[in-house]
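J.: Got a file for you: work34.txt, compact mmCIF, C-alpha atoms.
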# COMPACT_ATOMS: atom_id res chain seq x y z
CA MET S 17 0.00 0.00 0.00
CA LYS S 18 1.25 3.47 -0.87
CA MET S 19 0.57 6.73 0.92
CA THR S 20 -2.93 7.23 -0.46
CA ARG S 21 -5.66 9.73 0.23
CA GLU S 22 -7.29 7.09 2.42
CA THR S 23 -4.08 6.60 4.40
CA ILE S 24 -3.68 10.33 4.95
CA ARG S 25 -7.31 10.67 6.04
CA ALA S 26 -6.98 7.68 8.39
CA ILE S 27 -3.89 9.20 10.02
CA ARG S 28 -5.61 12.57 10.41
CA ASP S 29 -8.71 10.90 11.85
CA ALA S 30 -6.56 8.89 14.28
CA LEU S 31 -5.05 12.16 15.49
CA GLY S 32 -8.54 13.62 15.83
CA VAL S 33 -7.65 16.89 14.11
CA SER S 34 -9.09 19.01 11.31
CA GLN S 35 -7.42 19.34 7.92
CA GLU S 36 -6.21 22.78 8.97
CA ALA S 37 -4.64 21.49 12.20
CA PHE S 38 -3.10 18.52 10.37
CA ALA S 39 -1.64 20.88 7.76
CA ARG S 40 -0.01 23.00 10.48
CA ARG S 41 1.48 19.90 12.11
CA VAL S 42 2.83 18.60 8.80
CA GLY S 43 4.09 22.01 7.70
CA VAL S 44 1.97 22.51 4.60
CA ALA S 45 -0.94 24.71 3.59
CA TYR S 46 -4.50 23.65 4.40
CA ASN S 47 -5.41 23.38 0.72
CA THR S 48 -2.54 20.90 0.26
CA VAL S 49 -4.09 18.47 2.76
CA ASN S 50 -7.47 19.04 1.13
CA ARG S 51 -6.01 18.11 -2.30
CA TRP S 52 -4.34 15.01 -0.83
CA GLU S 53 -7.59 13.79 0.69
CA LYS S 54 -9.51 14.46 -2.53
CA GLY S 55 -6.92 12.47 -4.48
CA LYS S 56 -5.91 15.45 -6.61
CA SER S 57 -2.29 15.14 -5.48
CA LEU S 58 -0.20 13.22 -2.96
CA PRO S 59 2.83 14.08 -0.85
CA LYS S 60 6.02 13.81 -2.90
CA SER S 61 8.64 15.33 -0.64
CA THR S 62 10.48 12.82 1.53
CA PRO S 63 10.57 15.18 4.55
CA ILE S 64 6.80 15.68 4.29
CA ILE S 65 6.17 11.94 4.03
CA GLU S 66 8.47 11.33 7.00
CA ARG S 67 6.60 13.96 9.04
CA ILE S 68 3.28 12.30 8.21
CA LEU S 69 4.76 8.98 9.35
CA GLU S 70 5.89 10.56 12.64
CA LEU S 71 2.36 11.84 13.22
CA ALA S 72 0.96 8.42 12.34
CA ARG S 73 3.18 6.76 14.92
CA GLU S 74 2.14 9.39 17.45
CA ALA S 75 -1.48 8.47 16.74
CA GLY S 76 -0.73 4.75 17.08
CA ALA S 77 -1.50 3.95 13.44
CA ASP S 78 -1.48 0.35 12.25
CA ASP S 79 1.99 -1.04 11.42
CA LYS S 80 0.82 -2.25 8.00
CA VAL S 81 -0.08 1.31 7.00
CA LEU S 82 3.13 2.70 8.46
CA GLY S 83 5.36 0.04 6.95
CA SER S 84 4.01 0.57 3.47
CA ALA S 85 4.22 4.33 3.64
CA ASP S 86 7.69 4.14 5.19
CA ASP S 87 8.86 1.89 2.33
CA GLN S 88 7.61 4.50 -0.12
CA ALA S 89 9.53 7.25 1.68
CA LYS S 90 12.74 5.18 1.66
CA LYS S 91 12.41 4.50 -2.08
CA ARG S 92 12.00 8.20 -2.78
CA LYS S 93 15.00 9.03 -0.62
CA ARG S 94 17.19 6.51 -2.50
CA ALA S 95 15.99 7.85 -5.85
CA THR S 96 16.81 11.45 -4.96
CA GLY S 97 19.74 10.71 -2.98
Could you take the file, read its structure, and then write that structure out as structure tokens?
T.:
Amino acid sequence: MKMTRETIRAIRDALGVSQEAFARRVGVAYNTVNRWEKGKSLPKSTPIIERILELAREAGADDKVLGSADDQAKKRKRATG
């Protein structure tokens, strides 16, 4: 599983925060989170993906979700790196 709009929404829901609050915690604009959750775009920056993973761990997200998203972040880091 990749970091999908469903994954992002599940992490945000697990944290119990609004899109605006999630955006502040990730370090992006509100409309960015809105686009992610609508499937119009997805996080591409490794630091952003890593921050989302940190928040997911903080929320106690399922290891399957985290492992898949973490694998994606590592692949991006190797490709750019």
J.: Give the answer as one residue: which of S:Asn50, S:Val42, S:Glu22, S:Asp29 has the shortest atom-to-atom distance to Leu71 in chain S, using only C-alpha atoms?
T.: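 When distances to Leu71 in chain S are compared using only C-alpha atoms, the smallest one comes from S:Val42.
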J.: If we count only C-alpha atoms and set the cut-off at 8 Å, which residues sit around Val49 in chain S, ignoring sequence neighbours fewer than 6 positions away in its own chain? Please answer as a list in words.
T.: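 With the cut-off at 8 Å, the set is Gln35, Glu36, Phe38 and Ala39 of chain S.
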J.: Just to be explicit: take each residue in the selection above, keep C-alpha atoms, and write the result as an mmCIF file, in the frame of the given file.
T.:
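As written to disk, out-v9.cif reads:
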data_model
loop_
_atom_site.group_PDB
_atom_site.id
_atom_site.type_symbol
_atom_site.label_atom_id
_atom_site.label_comp_id
_atom_site.auth_asym_id
_atom_site.auth_seq_id
_atom_site.Cartn_x
_atom_site.Cartn_y
_atom_site.Cartn_z
ATOM 1 C CA GLN S 35 -7.420 19.340 7.920
ATOM 2 C CA GLU S 36 -6.210 22.780 8.970
ATOM 3 C CA PHE S 38 -3.100 18.520 10.370
ATOM 4 C CA ALA S 39 -1.640 20.880 7.760
#
J.: State, in Å with one decimal place, the distance from CA of Ser34 in chain S to CA of Tyr46 in chain S.
T.: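 Atom-to-atom, CA of Ser34 in chain S to CA of Tyr46 in chain S, that is 9.5 Å.
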J.: Could you please determine the separation between CA of Arg40 in chain S and CA of Arg28 in chain S in Å, to one decimal place?
T.: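 These atoms are spaced 11.8 Å apart.
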J.: What is the distance, in Å and to one decimal place, between CA of Lys56 in chain S and CA of Gly32 in chain S?
T.: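 Answer for the CA of Lys56 in chain S to CA of Gly32 in chain S separation: 22.7 Å.
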J.: So, counting all atoms listed in the file, which residue among S:Ile24, S:Ala37, S:Ala75, S:Leu31 is closest to Trp52 in chain S?
T.: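 Closest residue, counting all atoms listed in the file: S:Ile24.
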J.: Which residue out of S:Ile65, S:Ala72, S:Ala77, S:Ala26 has the minimum interatomic distance to Val44 in chain S when only C-alpha atoms are used?
T.: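 Looking at the shortest contact to Val44 in chain S, the residue is S:Ile65.
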J.: Nearest residue to Ile27 in chain S out of S:Pro63, S:Gly43, S:Gly76, S:Gly55, using only C-alpha atoms?
T.: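 Among the listed residues, S:Gly76 lies closest to Ile27 in chain S.
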J.: Given 5 Å on each side, where is the centre and what are the edge lengths in Å to one decimal of the axis-aligned box enclosing the listed atoms of range 54-69 of chain S, as JSON?
T.:
{"center_x": 0.5, "center_y": 12.3, "center_z": 1.4, "size_x": 30.1, "size_y": 16.7, "size_z": 26.0}
J.: Find, counting all atoms listed in the file, the residue in S:Glu53, S:Arg41, S:Ala30, S:Thr48 that gets nearest to Arg67 in chain S.
T.: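 Residue with the minimum atom-to-atom distance to Arg67 in chain S: S:Arg41.
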J.: Near Leu58 in chain S, counting all atoms listed in the file, which residues have an atom at most 8 Å away, once you skip same-chain residues fewer than 6 positions from it, shown as a list in words?
T.: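 Close residues of Leu58 in chain S: Met19, Thr20, Arg21, Arg51 and Trp52 of chain S.
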